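Structure, as structure tokens:
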Amino acid sequence: VTAPIVKGWCPGAYRPMMSGDGLIVRVRPRLGRLDAAQALGLCRLAQRFGSGVIDLTNRANLQLRGVSETGHEDILIGLAELGLLDVDPATESRRNLIVTPFWQDGDATATLARGLMDRLAELPELPAKFGYAIDLGPTPVLQDASADIRLERGAGSELIVRMDGLGLGRAVSLDDAVDHVITAARWFAQHAGTDSRRMSKLVAQTPPPPLWCSVQSAAPAHRPDPGKTELGLLVGVPFGQIDAAELAQAITTTHAKGLRITPWRLLLLEGAKTMPGTPFIGAPGDPLLNIDACPGAPFCAVATVETRALARSLAGRVCGTVHVSGCAKGCARKSAAAITLVGRAGAFDLVRNGCSWDDPQRSGLSPNDVLKLIG
Ligand code: SF4
């Protein structure tokens with residue numbers, strides 16, 4: 001199996017990443033939300049200075065694809081005008097924070113997210129991918145989302161700070177929760193060696209003091225489906241990639257007041273009452289919701305295969321989850337799927353009930369071979 005290439009940093013607005021289709025400029029909306037004017041402005045930037053393709057990431061960020069070097073400068077200016085640019089790259093990279101998309105103004109999630117953002121300078125130097133999840137609805141919805149320190153509900157509904165990798169956390173109050181998040185980050189920085197870049201790996205080797213493992217976390221909620229919510233409509237975005245013109249049209253025609261980004265390839269159109277049409281997925285059960293596929297070739301420089309055409313052909317042919325990955329890194333899905341197809345040297349490896357980096361059962365398959373073999 002080809003070893004996945006692991007980059008030790010995350011692209012941001014200031015620090016874009018080169019891919020097969022140009023630069024990727026990642027935008028981290030504060031509290032995962034853009035108001036309608038910001039969202040429409042971002043769509044215009046994507047169309048004018050990029051290829052018009054926008055990705056939704058599994059950390060609830062947005063990525064503008066196909067940006068040129070000169071276009072990058074223009075995008076930075078545009079983001080600043082829209083109020084979507086941090087003051088400097090250091091602040092941007094520290095603001096690695098994901099929040100439940102169902103927060104409401106003044107609730108615990110919004111209050112503590114703002115509290116943490118105000119104190120980013122107190123955090124120690126941490127690996128670039130180290131991040132935080134603030135998930136204080138009645139039941140956690142972000143337990144599968146990538147984060148190292150989590151603020152969530154305990155089994156008795158109390159506030160807890162939980163180090164990722166532990167089933168137990170530490171009880172905190174609204175007043176001292178951010179202090180304890182910072183303490184947990186400092187504990188990580190003190191104890192992590194060069195080979196522990198994530199909290200779950202560290203706590204598996206070095207248990208924290210018992211106080212950090214004293215309250216059971218609440219059972220997670222089911223992953224949300226497309227449909228109505230208290231805040232508006234949740235709509236699915238096939239493979240987490242959308243054309244900026246189609247997104248702008250959806251915002252305009254549904255009269256959405258804002259856009260919330262989720263880690264589940266779903267967008268929440270705030271205040272929307274009517275479902276936008278194609279390509280959005282408006283109802284649960286659509287087979288495309290069970291399929292993960294990274295951009296593949298020609299979008300990613302590492303990929304040697306196209307991924308999404310095959311993924312669409314497989315929709316509805318397989319009971320269970322499908323993952324089509326351009327290479328063994330598995331950007332689109334980090335957990336096992338019933339069927340995983342992994343590009344290697346222009347053909348596909350097939351892994352059953354595993355991840356993209358697991359040993360394949362079959363190798364050297366063309367897309368036609370795959371379709372004959374599956375379903
Ligand atoms: S998994 Fe896909 S997007 Fe990620 S590096 Fe491999 S080909 Fe590129």
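FYI, nothing fancy with the structure tokens labels: chains A, B, ... in order, residues from 1 per chain, ligands from 1 as they appear.
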Proximity check chain A to ligand 1, 12 Å, nearest pairs one decimal Å, only C-alpha atoms and all ligand atoms, as JSON lines:
{"residue": "A:Thr2", "atom": "CA", "partner": "ligand 1", "partner_atom_place_in_ligand_line": "6 (Fe)", "distance": 10.4}
{"residue": "A:Ala3", "atom": "CA", "partner": "ligand 1", "partner_atom_place_in_ligand_line": "6 (Fe)", "distance": 10.4}
{"residue": "A:Pro4", "atom": "CA", "partner": "ligand 1", "partner_atom_place_in_ligand_line": "6 (Fe)", "distance": 7.4}
{"residue": "A:Ile5", "atom": "CA", "partner": "ligand 1", "partner_atom_place_in_ligand_line": "5 (S)", "distance": 7.0}
{"residue": "A:Val6", "atom": "CA", "partner": "ligand 1", "partner_atom_place_in_ligand_line": "5 (S)", "distance": 8.5}
{"residue": "A:Lys7", "atom": "CA", "partner": "ligand 1", "partner_atom_place_in_ligand_line": "5 (S)", "distance": 9.5}
{"residue": "A:Met17", "atom": "CA", "partner": "ligand 1", "partner_atom_place_in_ligand_line": "5 (S)", "distance": 11.7}
{"residue": "A:Met18", "atom": "CA", "partner": "ligand 1", "partner_atom_place_in_ligand_line": "8 (Fe)", "distance": 11.1}
{"residue": "A:Ser19", "atom": "CA", "partner": "ligand 1", "partner_atom_place_in_ligand_line": "8 (Fe)", "distance": 8.2}
{"residue": "A:Gly20", "atom": "CA", "partner": "ligand 1", "partner_atom_place_in_ligand_line": "8 (Fe)", "distance": 8.7}
{"residue": "A:Asp21", "atom": "CA", "partner": "ligand 1", "partner_atom_place_in_ligand_line": "8 (Fe)", "distance": 11.2}
{"residue": "A:Ile24", "atom": "CA", "partner": "ligand 1", "partner_atom_place_in_ligand_line": "3 (S)", "distance": 11.5}
{"residue": "A:Asp55", "atom": "CA", "partner": "ligand 1", "partner_atom_place_in_ligand_line": "3 (S)", "distance": 11.2}
{"residue": "A:Thr57", "atom": "CA", "partner": "ligand 1", "partner_atom_place_in_ligand_line": "3 (S)", "distance": 11.2}
{"residue": "A:Phe239", "atom": "CA", "partner": "ligand 1", "partner_atom_place_in_ligand_line": "3 (S)", "distance": 11.6}
{"residue": "A:Asp292", "atom": "CA", "partner": "ligand 1", "partner_atom_place_in_ligand_line": "2 (Fe)", "distance": 10.6}
{"residue": "A:Ala293", "atom": "CA", "partner": "ligand 1", "partner_atom_place_in_ligand_line": "2 (Fe)", "distance": 7.7}
{"residue": "A:Cys294", "atom": "CA", "partner": "ligand 1", "partner_atom_place_in_ligand_line": "2 (Fe)", "distance": 4.6}
{"residue": "A:Pro295", "atom": "CA", "partner": "ligand 1", "partner_atom_place_in_ligand_line": "3 (S)", "distance": 5.4}
{"residue": "A:Gly296", "atom": "CA", "partner": "ligand 1", "partner_atom_place_in_ligand_line": "7 (S)", "distance": 4.7}
{"residue": "A:Ala297", "atom": "CA", "partner": "ligand 1", "partner_atom_place_in_ligand_line": "7 (S)", "distance": 7.0}
{"residue": "A:Pro298", "atom": "CA", "partner": "ligand 1", "partner_atom_place_in_ligand_line": "7 (S)", "distance": 9.2}
{"residue": "A:Phe299", "atom": "CA", "partner": "ligand 1", "partner_atom_place_in_ligand_line": "8 (Fe)", "distance": 7.8}
{"residue": "A:Cys300", "atom": "CA", "partner": "ligand 1", "partner_atom_place_in_ligand_line": "8 (Fe)", "distance": 4.6}
{"residue": "A:Ala301", "atom": "CA", "partner": "ligand 1", "partner_atom_place_in_ligand_line": "8 (Fe)", "distance": 6.6}
{"residue": "A:Val302", "atom": "CA", "partner": "ligand 1", "partner_atom_place_in_ligand_line": "7 (S)", "distance": 5.1}
{"residue": "A:Ala303", "atom": "CA", "partner": "ligand 1", "partner_atom_place_in_ligand_line": "7 (S)", "distance": 4.0}
{"residue": "A:Thr304", "atom": "CA", "partner": "ligand 1", "partner_atom_place_in_ligand_line": "7 (S)", "distance": 7.4}
{"residue": "A:Val305", "atom": "CA", "partner": "ligand 1", "partner_atom_place_in_ligand_line": "7 (S)", "distance": 8.0}
{"residue": "A:Glu306", "atom": "CA", "partner": "ligand 1", "partner_atom_place_in_ligand_line": "7 (S)", "distance": 8.9}
{"residue": "A:Thr307", "atom": "CA", "partner": "ligand 1", "partner_atom_place_in_ligand_line": "2 (Fe)", "distance": 8.3}
{"residue": "A:Arg308", "atom": "CA", "partner": "ligand 1", "partner_atom_place_in_ligand_line": "2 (Fe)", "distance": 10.6}
{"residue": "A:His323", "atom": "CA", "partner": "ligand 1", "partner_atom_place_in_ligand_line": "1 (S)", "distance": 10.2}
{"residue": "A:Val324", "atom": "CA", "partner": "ligand 1", "partner_atom_place_in_ligand_line": "2 (Fe)", "distance": 8.5}
{"residue": "A:Ser325", "atom": "CA", "partner": "ligand 1", "partner_atom_place_in_ligand_line": "1 (S)", "distance": 5.0}
{"residue": "A:Gly326", "atom": "CA", "partner": "ligand 1", "partner_atom_place_in_ligand_line": "7 (S)", "distance": 3.5}
{"residue": "A:Cys327", "atom": "CA", "partner": "ligand 1", "partner_atom_place_in_ligand_line": "6 (Fe)", "distance": 3.9}
{"residue": "A:Ala328", "atom": "CA", "partner": "ligand 1", "partner_atom_place_in_ligand_line": "1 (S)", "distance": 6.1}
{"residue": "A:Lys329", "atom": "CA", "partner": "ligand 1", "partner_atom_place_in_ligand_line": "1 (S)", "distance": 4.6}
{"residue": "A:Gly330", "atom": "CA", "partner": "ligand 1", "partner_atom_place_in_ligand_line": "1 (S)", "distance": 4.1}
{"residue": "A:Cys331", "atom": "CA", "partner": "ligand 1", "partner_atom_place_in_ligand_line": "4 (Fe)", "distance": 4.2}
{"residue": "A:Ala332", "atom": "CA", "partner": "ligand 1", "partner_atom_place_in_ligand_line": "1 (S)", "distance": 6.5}
{"residue": "A:Arg333", "atom": "CA", "partner": "ligand 1", "partner_atom_place_in_ligand_line": "1 (S)", "distance": 8.6}
{"residue": "A:Lys334", "atom": "CA", "partner": "ligand 1", "partner_atom_place_in_ligand_line": "1 (S)", "distance": 10.0}
{"residue": "A:Thr340", "atom": "CA", "partner": "ligand 1", "partner_atom_place_in_ligand_line": "1 (S)", "distance": 11.6}
{"residue": "A:Leu341", "atom": "CA", "partner": "ligand 1", "partner_atom_place_in_ligand_line": "1 (S)", "distance": 10.7}
{"residue": "A:Val342", "atom": "CA", "partner": "ligand 1", "partner_atom_place_in_ligand_line": "1 (S)", "distance": 8.3}
{"residue": "A:Gly343", "atom": "CA", "partner": "ligand 1", "partner_atom_place_in_ligand_line": "7 (S)", "distance": 7.5}
{"residue": "A:Arg344", "atom": "CA", "partner": "ligand 1", "partner_atom_place_in_ligand_line": "7 (S)", "distance": 9.4}
{"residue": "A:Ala345", "atom": "CA", "partner": "ligand 1", "partner_atom_place_in_ligand_line": "7 (S)", "distance": 11.4}
{"residue": "A:Gly346", "atom": "CA", "partner": "ligand 1", "partner_atom_place_in_ligand_line": "7 (S)", "distance": 11.4}
{"residue": "A:Phe348", "atom": "CA", "partner": "ligand 1", "partner_atom_place_in_ligand_line": "7 (S)", "distance": 11.9}
{"residue": "A:Cys355", "atom": "CA", "partner": "ligand 1", "partner_atom_place_in_ligand_line": "1 (S)", "distance": 11.3}
{"residue": "A:Ser356", "atom": "CA", "partner": "ligand 1", "partner_atom_place_in_ligand_line": "1 (S)", "distance": 8.3}
{"residue": "A:Trp357", "atom": "CA", "partner": "ligand 1", "partner_atom_place_in_ligand_line": "1 (S)", "distance": 10.1}
Exercise. Hey, what's within 7 Å of stretch 163-172 of chain A if we count only C-alpha atoms and toss same-chain stuff fewer than 6 positions away? As a PyMOL selection string, please?
Worked result: chain A and resi 147-150+199-200+203+211-217
Write the residues of the preceding selection, restricted to N, CA, C and O atoms, as a PDB file, in the first residue's frame.
ATOM      1  N   ALA A 147     -10.981  16.865  16.714  1.00  0.00           N
ATOM      2  CA  ALA A 147     -10.655  17.875  17.727  1.00  0.00           C
ATOM      3  C   ALA A 147      -9.821  17.200  18.804  1.00  0.00           C
ATOM      4  O   ALA A 147      -9.885  15.979  18.978  1.00  0.00           O
ATOM      5  N   ASP A 148      -9.062  17.978  19.546  1.00  0.00           N
ATOM      6  CA  ASP A 148      -8.182  17.434  20.587  1.00  0.00           C
ATOM      7  C   ASP A 148      -8.706  17.736  21.981  1.00  0.00           C
ATOM      8  O   ASP A 148      -8.489  16.970  22.910  1.00  0.00           O
ATOM      9  N   ILE A 149      -9.362  18.885  22.120  1.00  0.00           N
ATOM     10  CA  ILE A 149      -9.967  19.244  23.405  1.00  0.00           C
ATOM     11  C   ILE A 149     -11.421  19.602  23.124  1.00  0.00           C
ATOM     12  O   ILE A 149     -11.707  20.399  22.226  1.00  0.00           O
ATOM     13  N   ARG A 150     -12.306  18.980  23.889  1.00  0.00           N
ATOM     14  CA  ARG A 150     -13.727  19.152  23.618  1.00  0.00           C
ATOM     15  C   ARG A 150     -14.446  19.735  24.829  1.00  0.00           C
ATOM     16  O   ARG A 150     -14.237  19.271  25.953  1.00  0.00           O
ATOM     17  N   MET A 199      -3.996  14.739  20.712  1.00  0.00           N
ATOM     18  CA  MET A 199      -4.294  14.421  22.111  1.00  0.00           C
ATOM     19  C   MET A 199      -4.594  12.943  22.309  1.00  0.00           C
ATOM     20  O   MET A 199      -4.147  12.328  23.289  1.00  0.00           O
ATOM     21  N   SER A 200      -5.357  12.336  21.406  1.00  0.00           N
ATOM     22  CA  SER A 200      -5.756  10.937  21.615  1.00  0.00           C
ATOM     23  C   SER A 200      -4.529  10.034  21.684  1.00  0.00           C
ATOM     24  O   SER A 200      -4.501   9.079  22.459  1.00  0.00           O
ATOM     25  N   VAL A 203      -2.837  10.722  25.284  1.00  0.00           N
ATOM     26  CA  VAL A 203      -3.493  10.165  26.476  1.00  0.00           C
ATOM     27  C   VAL A 203      -3.445   8.635  26.489  1.00  0.00           C
ATOM     28  O   VAL A 203      -3.561   8.018  27.551  1.00  0.00           O
ATOM     29  N   LEU A 211      -8.424  13.961  37.911  1.00  0.00           N
ATOM     30  CA  LEU A 211      -9.498  14.952  37.815  1.00  0.00           C
ATOM     31  C   LEU A 211     -10.017  15.112  36.378  1.00  0.00           C
ATOM     32  O   LEU A 211     -11.176  15.445  36.146  1.00  0.00           O
ATOM     33  N   TRP A 212      -9.126  14.858  35.422  1.00  0.00           N
ATOM     34  CA  TRP A 212      -9.520  15.021  34.016  1.00  0.00           C
ATOM     35  C   TRP A 212     -10.335  13.842  33.507  1.00  0.00           C
ATOM     36  O   TRP A 212     -10.775  13.835  32.362  1.00  0.00           O
ATOM     37  N   CYS A 213     -10.482  12.848  34.339  1.00  0.00           N
ATOM     38  CA  CYS A 213     -11.212  11.639  33.902  1.00  0.00           C
ATOM     39  C   CYS A 213     -12.266  11.314  34.943  1.00  0.00           C
ATOM     40  O   CYS A 213     -12.360  10.185  35.420  1.00  0.00           O
ATOM     41  N   SER A 214     -13.077  12.291  35.332  1.00  0.00           N
ATOM     42  CA  SER A 214     -13.987  12.050  36.446  1.00  0.00           C
ATOM     43  C   SER A 214     -15.464  12.116  36.063  1.00  0.00           C
ATOM     44  O   SER A 214     -16.308  11.721  36.861  1.00  0.00           O
ATOM     45  N   VAL A 215     -15.805  12.596  34.880  1.00  0.00           N
ATOM     46  CA  VAL A 215     -17.228  12.691  34.521  1.00  0.00           C
ATOM     47  C   VAL A 215     -17.450  12.040  33.155  1.00  0.00           C
ATOM     48  O   VAL A 215     -16.753  12.358  32.181  1.00  0.00           O
ATOM     49  N   GLN A 216     -18.434  11.145  33.129  1.00  0.00           N
ATOM     50  CA  GLN A 216     -18.769  10.458  31.870  1.00  0.00           C
ATOM     51  C   GLN A 216     -19.345  11.464  30.868  1.00  0.00           C
ATOM     52  O   GLN A 216     -20.156  12.303  31.238  1.00  0.00           O
ATOM     53  N   SER A 217     -18.921  11.370  29.615  1.00  0.00           N
ATOM     54  CA  SER A 217     -19.501  12.276  28.619  1.00  0.00           C
ATOM     55  C   SER A 217     -20.870  11.750  28.181  1.00  0.00           C
ATOM     56  O   SER A 217     -21.156  10.561  28.300  1.00  0.00           O
TER      57      SER A 217
END
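When only C-alpha atoms are used to compute distances to A:Ala13, the closest of the residues A:Leu34, A:Ile75, A:Ala218, A:Ile251 turns out to be A:Ile75.
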Once you count only C-alpha atoms, what closest atom pair and distance in Å to one decimal does each residue of stretch 7-33 of chain A within 12 Å of stretch 108-111 of chain A have, with rows by chain and rising residue number, as JSON lines?
{"residue": "A:Arg30", "atom": "CA", "partner": "A:Ala110", "partner_atom": "CA", "distance": 10.2}
{"residue": "A:Leu31", "atom": "CA", "partner": "A:Ala110", "partner_atom": "CA", "distance": 7.3}
{"residue": "A:Gly32", "atom": "CA", "partner": "A:Ala110", "partner_atom": "CA", "distance": 10.6}
{"residue": "A:Arg33", "atom": "CA", "partner": "A:Ala110", "partner_atom": "CA", "distance": 11.2}
Pull the closest atom pair for each residue of stretch 51-89 of chain A that gets at most 12 Å from stretch 128-140 of chain A, along with the distance in Å to one decimal, counting only C-alpha atoms, ordering rows by chain and then ascending residue number, as CSV.
residue,atom,partner,partner_atom,distance
A:Arg59,CA,A:Gly131,CA,9.4
A:Ala60,CA,A:Ala133,CA,10.8
A:Pro89,CA,A:Ala128,CA,11.8
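Backbone DSSP assigns helix (DSSP H, G or I) in stretch 134-209 of chain A to Ala177, Val178, Asp179, His180, Val181, Ile182, Thr183, Ala184, Ala185, Arg186, Trp187, Phe188, Ala189, Gln190, His191, Met199, Ser200, Lys201, Leu202, Val203, Ala204 and Gln205 of chain A.
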Problem set entry | strand (DSSP E) residues, from DSSP on the backbone, in stretch 181-242 of chain A, as a ChimeraX atom specification | /A:215-216,227-229,232-236,241-242
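Among the candidate residues A:Ile160, A:Pro127, A:Ala189, A:Cys43, the one lying nearest to A:Glu246 is A:Cys43, with distances computed using only C-alpha atoms.
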Exercise. How far is it from atom CA of A:Leu76 to atom CA of A:Leu259, in Å with one decimal?
Worked result: 20.4 Å
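As for atom CA of A:Ala347 and atom CA of A:Ser366, they are spaced 5.5 Å apart.
Counting only C-alpha atoms, the residue from A:Lys201, A:Val53, A:Arg153, A:Ala283 that sits nearest to A:Gly240 is A:Val53.
Put simply, atom CA of A:Leu42 is 16.2 Å away from atom CA of A:Leu268.
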